[in-house]
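Everything on this sheet refers to the single structure shown next.
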Amino acid sequence: MSDYLIKATGFDGQIRAYAIQSTNLVEEARRRQDTWATATAALGRTLTITTMMGAMLKGEDKLTVKLDGDGPTGTIVADANAKGQARAYITHPHVDFDLNEQGKLDVRRAVGTNGSLSVVKDLGLKEHFTGQVPIVSGEVSEDFTYYFTSSEQVPSAVGAGVLVNPDQTVLASGGFIIQVMPGASDDTIDYIEKRVNHIQSISSMIQAGKKAEDILSEIFGNEQFNILEKIPVVFHCNCSLERIKRAISSLGNEEIDQMIEVDGGAEATCHFCNEHYYITKEELIELKQFGELN
């Protein structure tokens, strides 16, 4: 089944909600990053939530999330846009531990409990919006919950889960973001809080064949919600040979000369998708000449 996310509202607009099934998305990121189980869970939770945050944007807007903890996985970076396209990388992919006391992948130990979560939004303006908060748990979902409440002043509940097969592939992945809008009644807030606190494991729901709509049904209970939009979700990287060439041409003649004379060419690898690019000596000479003409 293809991945997708839904945007919805409930309680006459008092609640805004997002839900996603992201199994294929996270598996593609895992495959490209070659992550081990616990690192996969940390990467997958971050990517899943970031993808839903991308759905909060419009048009060509995009955002970058950076989870920078003191755990062995190092920094996790995820990008997403309003079209359901997302990508992510992790600094140290080969991290895995025994299950924690709850019988789950020990993401907190992998990410660490000290560090920061930052969000940079490119909204097509001269200045980018940047928000940053300290890591509060290392479980990822709780850290994003704190980010929304503290940095964007939007009371929110965030959940994401990833199940990994014995062969390291992703079995199931999904998540939700529930946000309280201004003017929401205390009764509505209390109801949603109770439902969120007692929701079953998201990844287990996805594994059982549940869909994004079913996640919201678990949260809203007997209350109706209105689906505003359904967006396909895919792993997408915007790297290309032309982008690499433009980056090299901006380095200046001295560095390009060294690539030509010493290295006899240039190589580059994209952090996100691990695609390898090679620029020949002749292509470097052309880049240098083009730069001098301009």
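Every chain in the structure tokens has a letter given in the order shown (A, B, ...), and although residue numbers restart at 1 in each chain, ligands are simply numbered from 1 in the order shown.
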Excluding Leu57 of chain A and its own-chain neighbours fewer than 5 positions away, which residues fall within 9 Å of it when counting only C-alpha atoms? Please give them as a list in words.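 Selected residues are Lys62, Leu63, Asn81, Ala82, Lys83, Lys121 and Leu123 of chain A.
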What's around Val180 of chain A at 12 Å? Count only C-alpha atoms, leave out sequence neighbours fewer than 6 positions away in its own chain, and write the answer as a ChimeraX atom specification. /A:9-17,145,148-149,153-158,186-193
Output of the above residues as a short mmCIF file (atom, residue, chain, number, x, y, z; two decimals), in the first residue's frame, restricted to N, CA and C atoms:
```cif
data_model
loop_
_atom_site.label_atom_id
_atom_site.label_comp_id
_atom_site.auth_asym_id
_atom_site.auth_seq_id
_atom_site.Cartn_x
_atom_site.Cartn_y
_atom_site.Cartn_z
N THR A 9 -9.87 18.25 10.51
CA THR A 9 -10.28 19.07 11.64
C THR A 9 -11.41 18.36 12.37
N GLY A 10 -11.60 18.73 13.64
CA GLY A 10 -12.69 18.16 14.42
C GLY A 10 -13.18 19.14 15.46
N PHE A 11 -14.28 18.80 16.10
CA PHE A 11 -14.87 19.65 17.15
C PHE A 11 -15.11 21.06 16.63
N ASP A 12 -15.73 21.14 15.43
CA ASP A 12 -16.06 22.44 14.82
C ASP A 12 -14.84 23.35 14.67
N GLY A 13 -13.74 22.74 14.27
CA GLY A 13 -12.53 23.51 14.02
C GLY A 13 -11.67 23.78 15.24
N GLN A 14 -12.06 23.25 16.39
CA GLN A 14 -11.25 23.46 17.59
C GLN A 14 -9.97 22.63 17.59
N ILE A 15 -9.96 21.53 16.81
CA ILE A 15 -8.82 20.64 16.75
C ILE A 15 -8.37 20.48 15.30
N ARG A 16 -7.07 20.60 15.09
CA ARG A 16 -6.47 20.33 13.78
C ARG A 16 -5.65 19.05 13.90
N ALA A 17 -5.75 18.17 12.90
CA ALA A 17 -5.12 16.86 13.04
C ALA A 17 -4.44 16.42 11.75
N THR A 145 6.59 17.43 20.48
CA THR A 145 5.47 17.97 21.25
C THR A 145 5.91 19.23 21.99
N PHE A 148 6.44 22.26 19.46
CA PHE A 148 5.23 22.97 19.03
C PHE A 148 4.69 23.88 20.14
N THR A 149 4.68 23.38 21.35
CA THR A 149 4.13 24.15 22.46
C THR A 149 5.01 25.32 22.83
N GLN A 153 4.02 28.00 20.06
CA GLN A 153 2.88 28.32 20.94
C GLN A 153 1.58 27.68 20.47
N VAL A 154 1.68 26.45 19.99
CA VAL A 154 0.51 25.68 19.60
C VAL A 154 0.48 24.39 20.43
N PRO A 155 -0.39 24.32 21.43
CA PRO A 155 -0.48 23.09 22.23
C PRO A 155 -0.74 21.89 21.32
N SER A 156 0.12 20.89 21.40
CA SER A 156 0.05 19.77 20.46
C SER A 156 0.35 18.45 21.14
N ALA A 157 -0.09 17.37 20.50
CA ALA A 157 0.29 16.02 20.89
C ALA A 157 0.86 15.36 19.65
N VAL A 158 2.06 14.80 19.77
CA VAL A 158 2.74 14.20 18.63
C VAL A 158 3.07 12.75 18.95
N ASP A 186 -12.35 23.78 27.27
CA ASP A 186 -11.66 22.88 28.21
C ASP A 186 -12.16 21.45 28.05
N ASP A 187 -13.44 21.28 27.79
CA ASP A 187 -14.00 19.95 27.61
C ASP A 187 -13.38 19.24 26.41
N THR A 188 -13.21 19.99 25.32
CA THR A 188 -12.59 19.42 24.12
C THR A 188 -11.15 19.02 24.40
N ILE A 189 -10.41 19.91 25.06
CA ILE A 189 -9.00 19.63 25.37
C ILE A 189 -8.88 18.41 26.28
N ASP A 190 -9.72 18.33 27.29
CA ASP A 190 -9.68 17.19 28.22
C ASP A 190 -9.99 15.88 27.48
N TYR A 191 -10.97 15.92 26.60
CA TYR A 191 -11.36 14.73 25.86
C TYR A 191 -10.20 14.23 24.99
N ILE A 192 -9.58 15.14 24.24
CA ILE A 192 -8.48 14.77 23.35
C ILE A 192 -7.29 14.26 24.15
N GLU A 193 -6.98 14.91 25.27
CA GLU A 193 -5.86 14.47 26.10
C GLU A 193 -6.05 13.03 26.57
#
```
Spatial neighbours of segment 85-98 of chain A, max dist 7 Å, only C-alpha atoms, sep filter under 3 positions, as a PyMOL selection string: chain A and resi 29+33-39+43+47+51+72-81+106+233-237+271-272
Excluding Gly44 of chain A and its own-chain neighbours fewer than 4 positions away, which residues fall within 6 Å of it when counting only C-alpha atoms? Please give them as a count of residues only. 3
If we count only C-alpha atoms, what is near Leu67 of chain A at a cut-off of 12 Å, once residues fewer than 2 positions away on the same chain are taken out, given as number ranges by chain? A: 42-43, 45-47, 49-50, 64-65, 69-71, 73-79, 88-91, 110-120, 132-141, 143-144, 147
Could you pull out the alpha helix (DSSP H) residues of segment 30-272 of chain A from DSSP and send them as JSON, numbers by chain? {"A": [30, 31, 32, 33, 37, 38, 39, 40, 41, 42, 43, 44, 45, 46, 47, 48, 49, 50, 51, 52, 53, 54, 107, 108, 109, 110, 111, 141, 142, 143, 144, 145, 146, 147, 148, 149, 150, 151, 186, 187, 188, 189, 190, 191, 192, 193, 194, 195, 196, 197, 202, 203, 204, 205, 206, 207, 212, 213, 214, 215, 216, 217, 218, 219, 220, 241, 242, 243, 244, 245, 246, 247, 248, 249, 253, 254, 255, 256, 257, 258]}
Residue with smallest distance to Ser173 of chain A - pool A:Ala19, A:Leu241, A:Ile285, A:Ile231, counting only C-alpha atoms: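 Ranked by minimum distance to Ser173 of chain A, first place goes to A:Ala19.
Across A:Ala266, A:Arg109, A:Gly159, A:Glu127, the tightest approach to Gln179 of chain A is made by A:Gly159 when counting only C-alpha atoms.
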Determine which residues of segment 68-286 of chain A DSSP labels as strand (DSSP E or B) from the backbone of this structure, then write them out as number ranges by chain. A: 68-69, 75-81, 85-90, 115-122, 129-134, 156-164, 170-180, 225-232, 234-235, 265-269, 276-280
Any chance you can output those residues with C-alpha atoms as a PDB file, in the first residue's frame?
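Output file out_25.pdb follows:
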```
ATOM      1  CA  ASP A  68      21.074  17.068  17.410  1.00  0.00           C
ATOM      2  CA  GLY A  69      21.421  14.864  20.492  1.00  0.00           C
ATOM      3  CA  THR A  75      22.685  14.400  14.223  1.00  0.00           C
ATOM      4  CA  ILE A  76      19.515  13.482  12.327  1.00  0.00           C
ATOM      5  CA  VAL A  77      18.361  15.857   9.574  1.00  0.00           C
ATOM      6  CA  ALA A  78      15.057  15.662   7.688  1.00  0.00           C
ATOM      7  CA  ASP A  79      13.607  17.816   4.898  1.00  0.00           C
ATOM      8  CA  ALA A  80       9.991  17.997   3.757  1.00  0.00           C
ATOM      9  CA  ASN A  81       7.727  20.148   1.615  1.00  0.00           C
ATOM     10  CA  GLN A  85       8.075  14.775  -0.519  1.00  0.00           C
ATOM     11  CA  ALA A  86      10.638  14.130   2.207  1.00  0.00           C
ATOM     12  CA  ARG A  87      14.138  12.826   2.851  1.00  0.00           C
ATOM     13  CA  ALA A  88      16.443  12.319   5.828  1.00  0.00           C
ATOM     14  CA  TYR A  89      19.919  11.270   6.910  1.00  0.00           C
ATOM     15  CA  ILE A  90      21.578  10.174  10.129  1.00  0.00           C
ATOM     16  CA  GLY A 115      21.003  18.592  22.746  1.00  0.00           C
ATOM     17  CA  SER A 116      18.571  20.530  20.600  1.00  0.00           C
ATOM     18  CA  LEU A 117      15.714  20.204  18.125  1.00  0.00           C
ATOM     19  CA  SER A 118      15.639  22.966  15.524  1.00  0.00           C
ATOM     20  CA  VAL A 119      13.244  23.728  12.674  1.00  0.00           C
ATOM     21  CA  VAL A 120      14.052  26.038   9.762  1.00  0.00           C
ATOM     22  CA  LYS A 121      11.167  26.997   7.473  1.00  0.00           C
ATOM     23  CA  ASP A 122      11.781  28.424   4.007  1.00  0.00           C
ATOM     24  CA  PHE A 129      11.752  31.184  10.226  1.00  0.00           C
ATOM     25  CA  THR A 130      13.897  29.352  12.779  1.00  0.00           C
ATOM     26  CA  GLY A 131      12.766  27.738  16.023  1.00  0.00           C
ATOM     27  CA  GLN A 132      14.894  25.772  18.471  1.00  0.00           C
ATOM     28  CA  VAL A 133      14.217  23.970  21.728  1.00  0.00           C
ATOM     29  CA  PRO A 134      16.262  21.673  23.961  1.00  0.00           C
ATOM     30  CA  SER A 156       0.047  19.775  20.459  1.00  0.00           C
ATOM     31  CA  ALA A 157       0.293  16.021  20.890  1.00  0.00           C
ATOM     32  CA  VAL A 158       2.742  14.202  18.629  1.00  0.00           C
ATOM     33  CA  GLY A 159       3.161  10.465  18.179  1.00  0.00           C
ATOM     34  CA  ALA A 160       5.248   8.326  15.835  1.00  0.00           C
ATOM     35  CA  GLY A 161       6.297   4.702  15.815  1.00  0.00           C
ATOM     36  CA  VAL A 162       8.491   2.385  13.748  1.00  0.00           C
ATOM     37  CA  LEU A 163       8.609  -1.424  13.819  1.00  0.00           C
ATOM     38  CA  VAL A 164      11.668  -3.170  12.353  1.00  0.00           C
ATOM     39  CA  VAL A 170      10.876  -1.593   8.148  1.00  0.00           C
ATOM     40  CA  LEU A 171       7.737  -3.537   9.039  1.00  0.00           C
ATOM     41  CA  ALA A 172       5.447  -0.618   9.874  1.00  0.00           C
ATOM     42  CA  SER A 173       5.670   3.120  10.444  1.00  0.00           C
ATOM     43  CA  GLY A 174       3.181   5.902  11.080  1.00  0.00           C
ATOM     44  CA  GLY A 175       2.296   8.854  13.240  1.00  0.00           C
ATOM     45  CA  PHE A 176      -0.022  11.716  14.159  1.00  0.00           C
ATOM     46  CA  ILE A 177      -0.007  15.373  15.168  1.00  0.00           C
ATOM     47  CA  ILE A 178      -3.005  16.781  17.051  1.00  0.00           C
ATOM     48  CA  GLN A 179      -3.131  20.546  17.611  1.00  0.00           C
ATOM     49  CA  VAL A 180      -5.446  22.666  19.764  1.00  0.00           C
ATOM     50  CA  PHE A 225     -13.692  14.612  12.057  1.00  0.00           C
ATOM     51  CA  ASN A 226     -13.535  16.168   8.597  1.00  0.00           C
ATOM     52  CA  ILE A 227     -10.766  15.116   6.215  1.00  0.00           C
ATOM     53  CA  LEU A 228      -9.575  18.199   4.361  1.00  0.00           C
ATOM     54  CA  GLU A 229      -6.890  16.676   2.164  1.00  0.00           C
ATOM     55  CA  LYS A 230      -5.133  13.402   1.391  1.00  0.00           C
ATOM     56  CA  ILE A 231      -1.519  13.690   0.191  1.00  0.00           C
ATOM     57  CA  PRO A 232       0.671  10.890  -1.242  1.00  0.00           C
ATOM     58  CA  VAL A 234       7.282   9.653  -1.081  1.00  0.00           C
ATOM     59  CA  PHE A 235      11.013   9.733  -0.451  1.00  0.00           C
ATOM     60  CA  GLY A 265      38.409  14.877 -11.304  1.00  0.00           C
ATOM     61  CA  ALA A 266      35.940  15.286  -8.460  1.00  0.00           C
ATOM     62  CA  GLU A 267      33.604  12.988  -6.554  1.00  0.00           C
ATOM     63  CA  ALA A 268      30.600  13.816  -4.384  1.00  0.00           C
ATOM     64  CA  THR A 269      28.056  11.782  -2.439  1.00  0.00           C
ATOM     65  CA  HIS A 276      27.456   9.116  -6.033  1.00  0.00           C
ATOM     66  CA  TYR A 277      28.450  11.726  -8.599  1.00  0.00           C
ATOM     67  CA  TYR A 278      31.703  11.927 -10.570  1.00  0.00           C
ATOM     68  CA  ILE A 279      32.888  14.971 -12.500  1.00  0.00           C
ATOM     69  CA  THR A 280      35.674  14.337 -14.993  1.00  0.00           C
TER      70      THR A 280
END
```
Take atom CA of Gly84 of chain A and atom CA of Thr23 of chain A and report the distance between them in Å, one decimal.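 Rounded to one decimal, the two atoms are 13.8 Å apart.
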Atom CA of Ile215 of chain A and atom CA of Ile202 of chain A, how far apart in Å?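 We find that atom CA of Ile202 of chain A and atom CA of Ile215 of chain A lie 7.3 Å from each other.
Shortest separation to Ile244 of chain A among A:Glu275, A:Met205, A:Ile20, A:Lys211 occurs at residue A:Glu275, atoms counted being only C-alpha atoms.
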Atom CA of Lys281 of chain A and atom CA of Asp257 of chain A are how many Å apart?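 Interatomic distance here is 9.8 Å.
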Nearest candidate to Asn253 of chain A (options A:Leu284, A:Met56, A:Ile206, A:Cys273; using only C-alpha atoms): A:Leu284
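The shortest atom-to-atom distance to Ser249 of chain A, with only C-alpha atoms taken into account, belongs to A:Leu287 out of A:Ala212, A:Ala184, A:Ile219, A:Leu287.
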